[in-house]
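Asks: Supplied in structure tokens, the structure appears directly below.
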Amino acid sequence: MNKNAEIIAVGSELLTPERVDTNSLLVTQQLNALGVEVVVKQVIGDDRAMLSRAIRDALERSDLLFLIGGLGPTEDDVTRDAAAAAVGRKLVLSLEQEAVLLKRFRQLNKPMAENNLRQAYLLEGAEALPNPHGTAPGQYLITARGAMVLLPGPPREMAPMLENEAVPRLKLILPRRCIKTRSFRITGMGESDLDKLISPIYKRYDNPTTTILFAAGDLFVHLRTRCATERECCLLLREVGDPIAELLGERVYTEDANETLEHVVACLLRHAHATLTTAESCTGGLIAARVTELAGSSDYFMGGFVTYTDAQKTQVLGVPQQLIRAHTAVSREVAGAMAERARELSGATYAVSTTGYAGPSGGSECDPVGTVYIGLAGPQGTKVKRISHGGDRHRVRMLATQYALDLLRGELNAREASAAMAARGAARE
Ligand code: AMP
Ligand code: MG
């Protein structure tokens with residue numbers, strides 16, 4: 001019942017470092033909205049034989065095939081020929097399309113070169129898809145399993161043809177299907193721990209499908225379901241997603257796929273009418289950069305200190321030299337002092353700090369490369385978290401920003417929870 005699709009982007013330029021196939025993203029989006037999953041996507045150069053073979057394979061495996069590009073008038077535009085060879089049909093001159101072309105050239109006040117006529121040839125039995133933005137018409141051919149759709153390469157021609165011509169035709173032949181997704185963004189745990197925790201739930205289902213993506217401490221669980229109706233989709237996403245949400249608890253920082261951790265922290269700071277400052281060593285300003293990524297961050301972010309050397313930690317922040325000497329700069333004590341001093345100097349409600357070994361060299365026996373102490377000073381006192389993860393310098397630094405923002409998120413959540421509890425208590429009295 002579920003229909004699958006393949007996309008072939010045609011054009012040798014798409015195999016160079018200069019050009020990227022963007023058309024297939026839009027096609028995928030439209031197909032998903034119709035409940036069709038894209039199962040294979042290929043980029044093939046302007047090679048008739050190679051393309052023809054790929055088309056034949058795709059039509060055997062999948063219900064729908066989109067061919068994008070290679071419909072122009074020149075010798076290197078091979079899609080029509082390759083498609084004809086693949087399905088064993090002739091290309092026939094459409095007098096109607098010839099008239100459209102002639103009219104278009106007349107309007108442009110240009111003579112029509114002979115090779116342009118190639119664009120008026122259609123696969124036998126195919127329907128022409130009008131192209132108001134260019135010369136090459138698209139083509140729509142019903143096949144044994146579904147349909148094959150040929151679209152022009154230029155995005156400004158492809159997009160309207162897809163939406164206005166291809167999609168309405170597909171709607172007529174496709175079963176009613178709906179695709180819905182539910183996402184969880186998680187931090188504060190590793191990817192294998194996450195998978196161990198939730199796989200007993202999601203492994204029982206092949207609908208929805210579950211994917212786990214991750215980048216330095218930022219994990220993404222994506223459930224994707226395909227059903228006949230939106231209601232069925234919602235019920236399934238609840239059936240699988242709710243127990244996952246319960247297992248992950250506080251570690252889920254949002255269910256909005258596009259919401260970043262800095263966004264969530266920003267909302268919490270705003271809600272608490274609180275302000276923030278940073279005192280960064282090994283992250284060199286990355287936390288401040290992430291926080292100020294958002295427009296309007298001056299409402300809660302006061303500014304930050306980047307104190308990289310021991311001397312700067314003392315001179316700028318006023319971290320006592322003896323403290324650094326006694327514990328080294330990468331220590332629980334110094335991280336705490338950095339946050340406390342930054343908070344005092346700025347007057348912010350909260351201060352986060354980082355001090356660690358980003359590598360590749362450095363580190364000590366008990367604190368190897370990858371160890372970062374993250375401080376948080378606030379109205380409830382000072383906390384320091386130690387993380388120690390492998391990876392390159394970039395990963396260690398990004399992880400540190402992630403854990404720092406997450407430490408602050410935890411504190412703000414706790415503050416909100418206790419405020420809510422106090423309000424309930426007052427209401428009872
Ligand atoms: P064509 O229809 O093959 O003559 O392609 C014409 C132009 O459209 C190319 O030079 C590209 O700039 C653009 N184009 C073709 N295919 C794609 C694609 N899959 N994604 C984005 N642009 C494309
Ligand atoms: Mg081309």
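Ligands are numbered from 1 in the order shown, residues from 1 within each chain, and chains are lettered A, B, ... in the order they appear in the structure tokens.
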Please identify the residues whose atoms come within 10 Å of ligand 2, using only C-alpha atoms and all ligand atoms, and report them as a PyMOL selection string.

Replies: chain A and resi 9-14+45-46+68-79+152-154

Asks: Generate a file of the selected residues that holds N, CA, C and O atoms, formatted as a compact mmCIF listing (two decimals), in the first residue's frame.

Replies:
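Saved result, result.txt, follows:
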# COMPACT_ATOMS: atom_id res chain seq x y z
N ALA A 9 18.97 12.89 -10.27
CA ALA A 9 19.34 14.23 -10.73
C ALA A 9 20.37 14.03 -11.84
O ALA A 9 21.37 13.34 -11.64
N VAL A 10 20.08 14.60 -13.00
CA VAL A 10 20.95 14.37 -14.16
C VAL A 10 21.76 15.61 -14.48
O VAL A 10 21.20 16.71 -14.59
N GLY A 11 23.05 15.44 -14.62
CA GLY A 11 23.89 16.58 -15.02
C GLY A 11 25.31 16.39 -14.54
O GLY A 11 25.53 16.22 -13.33
N SER A 12 26.24 16.45 -15.47
CA SER A 12 27.65 16.25 -15.09
C SER A 12 28.12 17.34 -14.13
O SER A 12 28.99 17.12 -13.30
N GLU A 13 27.50 18.54 -14.24
CA GLU A 13 27.95 19.63 -13.36
C GLU A 13 27.63 19.32 -11.89
O GLU A 13 28.29 19.83 -10.99
N LEU A 14 26.65 18.44 -11.67
CA LEU A 14 26.28 18.09 -10.29
C LEU A 14 27.27 17.12 -9.67
O LEU A 14 27.18 16.81 -8.47
N GLY A 45 25.82 11.72 -14.28
CA GLY A 45 26.31 12.67 -15.28
C GLY A 45 25.56 12.53 -16.59
O GLY A 45 24.66 11.69 -16.73
N ASP A 46 25.92 13.38 -17.55
CA ASP A 46 25.21 13.37 -18.84
C ASP A 46 25.70 12.19 -19.69
O ASP A 46 26.39 12.38 -20.69
N ILE A 68 15.37 14.57 -13.00
CA ILE A 68 15.44 16.03 -13.00
C ILE A 68 16.66 16.48 -13.78
O ILE A 68 17.78 16.11 -13.47
N GLY A 69 16.42 17.32 -14.78
CA GLY A 69 17.52 17.89 -15.56
C GLY A 69 17.75 17.13 -16.85
O GLY A 69 17.17 16.07 -17.08
N GLY A 70 18.61 17.70 -17.69
CA GLY A 70 18.97 17.05 -18.95
C GLY A 70 17.85 17.08 -19.99
O GLY A 70 17.78 16.22 -20.86
N LEU A 71 16.95 18.07 -19.88
CA LEU A 71 15.85 18.16 -20.85
C LEU A 71 16.07 19.30 -21.84
O LEU A 71 15.18 19.63 -22.62
N GLY A 72 17.25 19.90 -21.79
CA GLY A 72 17.51 21.06 -22.67
C GLY A 72 17.66 20.63 -24.12
O GLY A 72 17.45 19.47 -24.47
N PRO A 73 18.05 21.59 -24.97
CA PRO A 73 18.10 21.33 -26.41
C PRO A 73 19.43 20.76 -26.92
O PRO A 73 19.53 20.39 -28.07
N THR A 74 20.44 20.72 -26.05
CA THR A 74 21.78 20.41 -26.58
C THR A 74 22.09 18.92 -26.50
O THR A 74 21.39 18.14 -25.85
N GLU A 75 23.18 18.57 -27.15
CA GLU A 75 23.62 17.19 -27.30
C GLU A 75 23.84 16.52 -25.93
O GLU A 75 23.65 15.33 -25.76
N ASP A 76 24.25 17.33 -24.93
CA ASP A 76 24.52 16.72 -23.62
C ASP A 76 23.24 16.57 -22.79
O ASP A 76 23.29 16.16 -21.63
N ASP A 77 22.11 16.93 -23.33
CA ASP A 77 20.85 16.72 -22.61
C ASP A 77 20.27 15.37 -23.02
O ASP A 77 19.63 15.25 -24.07
N VAL A 78 20.52 14.38 -22.20
CA VAL A 78 20.29 12.99 -22.64
C VAL A 78 19.09 12.32 -21.97
O VAL A 78 18.81 11.16 -22.23
N THR A 79 18.38 13.05 -21.11
CA THR A 79 17.35 12.39 -20.31
C THR A 79 16.23 11.78 -21.16
O THR A 79 15.81 10.65 -20.92
N PRO A 152 12.51 19.70 -15.70
CA PRO A 152 13.70 20.46 -16.12
C PRO A 152 14.61 20.76 -14.94
O PRO A 152 14.15 20.80 -13.79
N GLY A 153 15.89 21.01 -15.22
CA GLY A 153 16.88 21.23 -14.15
C GLY A 153 16.83 22.58 -13.46
O GLY A 153 16.96 22.64 -12.23
N PRO A 154 16.65 23.68 -14.20
CA PRO A 154 16.70 24.97 -13.51
C PRO A 154 15.64 25.05 -12.41
O PRO A 154 14.44 24.87 -12.70

Asks: Would you please extract all strand (DSSP E) residues from stretch 141-274 of chain A, as assigned by DSSP on the backbone, and give them as a ChimeraX atom specification?

Replies: /A:141-142,147-151,178-187,209-215,218-227,252-254

Asks: Choose the residue, out of A:Arg80, A:Arg251, A:Lys203, A:Arg397, that has the smallest atom-to-atom separation from A:Pro360; count only C-alpha atoms.

Replies: A:Arg397

Asks: Can you pull out the residues contacting stretch 252-269 of chain A? Cut-off 7 Å, using only C-alpha atoms, and skip same-chain residues under 4 positions away; I want them as an MDAnalysis selection string.

Replies: chainID A and resid 183:187 248 273:275 290:291 300 405 409 412

Asks: Write out as a PyMOL selection string each polymer residue whose atoms come within 7 Å of stretch 89-106 of chain A, counting only C-alpha atoms; drop sequence neighbours fewer than 3 positions from it.

Replies: chain A and resi 84-85+109-112+117+120-124+135

Asks: With all heavy atoms kept, could you save the residues just selected as an mmCIF file, in the first residue's frame?

Replies:
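Result saved to result-v1.cif:
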data_model
loop_
_atom_site.group_PDB
_atom_site.id
_atom_site.type_symbol
_atom_site.label_atom_id
_atom_site.label_comp_id
_atom_site.auth_asym_id
_atom_site.auth_seq_id
_atom_site.Cartn_x
_atom_site.Cartn_y
_atom_site.Cartn_z
ATOM 1 N N ALA A 84 13.632 6.946 -22.954
ATOM 2 C CA ALA A 84 12.976 6.217 -24.043
ATOM 3 C C ALA A 84 13.588 4.825 -24.179
ATOM 4 O O ALA A 84 12.874 3.815 -24.274
ATOM 5 C CB ALA A 84 13.112 6.999 -25.339
ATOM 6 N N ALA A 85 14.929 4.787 -24.130
ATOM 7 C CA ALA A 85 15.608 3.490 -24.257
ATOM 8 C C ALA A 85 15.252 2.585 -23.081
ATOM 9 O O ALA A 85 15.008 1.391 -23.255
ATOM 10 C CB ALA A 85 17.114 3.709 -24.333
ATOM 11 N N ASN A 109 11.179 37.044 -29.752
ATOM 12 C CA ASN A 109 11.707 37.693 -30.946
ATOM 13 C C ASN A 109 13.057 37.119 -31.376
ATOM 14 O O ASN A 109 13.968 37.827 -31.758
ATOM 15 C CB ASN A 109 11.845 39.203 -30.691
ATOM 16 C CG ASN A 109 11.267 39.984 -31.851
ATOM 17 O OD1 ASN A 109 11.040 39.412 -32.923
ATOM 18 N ND2 ASN A 109 11.034 41.267 -31.650
ATOM 19 N N LYS A 110 13.142 35.790 -31.266
ATOM 20 C CA LYS A 110 14.397 35.123 -31.623
ATOM 21 C C LYS A 110 14.080 34.000 -32.609
ATOM 22 O O LYS A 110 13.028 33.358 -32.493
ATOM 23 C CB LYS A 110 15.037 34.502 -30.375
ATOM 24 C CG LYS A 110 15.801 35.514 -29.520
ATOM 25 C CD LYS A 110 16.818 34.827 -28.633
ATOM 26 C CE LYS A 110 16.236 34.500 -27.286
ATOM 27 N NZ LYS A 110 17.125 33.919 -26.331
ATOM 28 N N PRO A 111 14.971 33.750 -33.551
ATOM 29 C CA PRO A 111 14.727 32.588 -34.405
ATOM 30 C C PRO A 111 14.972 31.313 -33.598
ATOM 31 O O PRO A 111 15.786 31.315 -32.669
ATOM 32 C CB PRO A 111 15.782 32.730 -35.505
ATOM 33 C CG PRO A 111 16.858 33.555 -34.899
ATOM 34 C CD PRO A 111 16.230 34.428 -33.865
ATOM 35 N N MET A 112 14.245 30.250 -33.924
ATOM 36 C CA MET A 112 14.430 29.016 -33.148
ATOM 37 C C MET A 112 15.467 28.123 -33.840
ATOM 38 O O MET A 112 15.283 27.715 -34.988
ATOM 39 C CB MET A 112 13.104 28.275 -33.017
ATOM 40 C CG MET A 112 13.205 27.085 -32.082
ATOM 41 S SD MET A 112 11.629 26.320 -31.760
ATOM 42 C CE MET A 112 11.657 24.990 -32.921
ATOM 43 N N LEU A 117 14.097 21.897 -31.350
ATOM 44 C CA LEU A 117 12.973 21.013 -31.649
ATOM 45 C C LEU A 117 13.053 19.708 -30.843
ATOM 46 O O LEU A 117 12.039 19.063 -30.585
ATOM 47 C CB LEU A 117 12.954 20.720 -33.162
ATOM 48 C CG LEU A 117 11.605 20.276 -33.741
ATOM 49 C CD1 LEU A 117 10.498 21.268 -33.439
ATOM 50 C CD2 LEU A 117 11.729 20.060 -35.250
ATOM 51 N N ALA A 120 10.595 19.188 -28.205
ATOM 52 C CA ALA A 120 9.181 18.922 -28.509
ATOM 53 C C ALA A 120 8.914 17.424 -28.636
ATOM 54 O O ALA A 120 7.789 17.016 -28.915
ATOM 55 C CB ALA A 120 8.785 19.647 -29.791
ATOM 56 N N TYR A 121 9.949 16.614 -28.410
ATOM 57 C CA TYR A 121 9.753 15.162 -28.504
ATOM 58 C C TYR A 121 9.335 14.600 -27.137
ATOM 59 O O TYR A 121 9.953 14.882 -26.118
ATOM 60 C CB TYR A 121 11.047 14.485 -28.967
ATOM 61 C CG TYR A 121 11.223 14.574 -30.472
ATOM 62 C CD1 TYR A 121 11.747 15.734 -31.046
ATOM 63 C CD2 TYR A 121 10.839 13.529 -31.297
ATOM 64 C CE1 TYR A 121 11.895 15.838 -32.417
ATOM 65 C CE2 TYR A 121 10.992 13.620 -32.678
ATOM 66 C CZ TYR A 121 11.514 14.774 -33.224
ATOM 67 O OH TYR A 121 11.650 14.869 -34.590
ATOM 68 N N LEU A 122 8.280 13.809 -27.177
ATOM 69 C CA LEU A 122 7.780 13.208 -25.931
ATOM 70 C C LEU A 122 7.920 11.691 -26.018
ATOM 71 O O LEU A 122 7.855 11.117 -27.108
ATOM 72 C CB LEU A 122 6.302 13.548 -25.732
ATOM 73 C CG LEU A 122 5.909 15.024 -25.644
ATOM 74 C CD1 LEU A 122 4.398 15.131 -25.429
ATOM 75 C CD2 LEU A 122 6.643 15.724 -24.513
ATOM 76 N N LEU A 123 8.059 11.076 -24.866
ATOM 77 C CA LEU A 123 8.024 9.620 -24.817
ATOM 78 C C LEU A 123 6.636 9.196 -25.280
ATOM 79 O O LEU A 123 5.641 9.816 -24.875
ATOM 80 C CB LEU A 123 8.204 9.144 -23.361
ATOM 81 C CG LEU A 123 9.552 9.394 -22.721
ATOM 82 C CD1 LEU A 123 9.430 9.264 -21.210
ATOM 83 C CD2 LEU A 123 10.544 8.390 -23.266
ATOM 84 N N GLU A 124 6.593 8.184 -26.071
ATOM 85 C CA GLU A 124 5.302 7.709 -26.573
ATOM 86 C C GLU A 124 4.370 7.421 -25.389
ATOM 87 O O GLU A 124 4.743 6.666 -24.487
ATOM 88 C CB GLU A 124 5.540 6.413 -27.359
ATOM 89 C CG GLU A 124 4.470 6.114 -28.351
ATOM 90 C CD GLU A 124 4.856 4.916 -29.225
ATOM 91 O OE1 GLU A 124 5.828 4.209 -28.894
ATOM 92 O OE2 GLU A 124 4.172 4.712 -30.228
ATOM 93 N N THR A 135 11.830 26.665 -21.869
ATOM 94 C CA THR A 135 11.422 26.051 -23.131
ATOM 95 C C THR A 135 11.130 24.553 -23.023
ATOM 96 O O THR A 135 10.303 24.035 -23.756
ATOM 97 C CB THR A 135 12.503 26.258 -24.218
ATOM 98 O OG1 THR A 135 13.755 25.877 -23.681
ATOM 99 C CG2 THR A 135 12.532 27.691 -24.684
#

Asks: Do you know which residues are at most 8 Å from stretch 378-383 of chain A counting only C-alpha atoms, after dropping those on the same chain fewer than 6 positions away, and could you put them as a ChimeraX atom specification?

Replies: /A:336,339-340,343,349-351

Asks: Neighbours of A:Leu141 within 10 Å (only C-alpha atoms; same-chain residues fewer than 6 positions away dropped), as a list in words?

Replies: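 My list of contacting residues is Leu65, Leu122, Leu123, Glu124, Gly125, Ala126, Glu127, Ala128, Ala147, Met148, Val149 and Leu150 of chain A.
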
Asks: Generate a file of the selected residues that holds C-alpha atoms, formatted as a tab-separated table (two decimals), in the first residue's frame.

Replies:
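selection-v2.tsv, freshly written:
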chain	number	residue	atom	x	y	z
A	65	LEU	CA	10.70	7.84	-10.54
A	122	LEU	CA	7.78	13.21	-25.93
A	123	LEU	CA	8.02	9.62	-24.82
A	124	GLU	CA	5.30	7.71	-26.57
A	125	GLY	CA	2.26	7.81	-24.30
A	126	ALA	CA	3.63	10.57	-22.05
A	127	GLU	CA	1.81	13.73	-21.24
A	128	ALA	CA	3.65	17.05	-21.61
A	147	ALA	CA	4.65	6.93	-12.82
A	148	MET	CA	7.83	8.43	-14.22
A	149	VAL	CA	8.17	12.20	-14.13
A	150	LEU	CA	10.71	14.21	-16.11
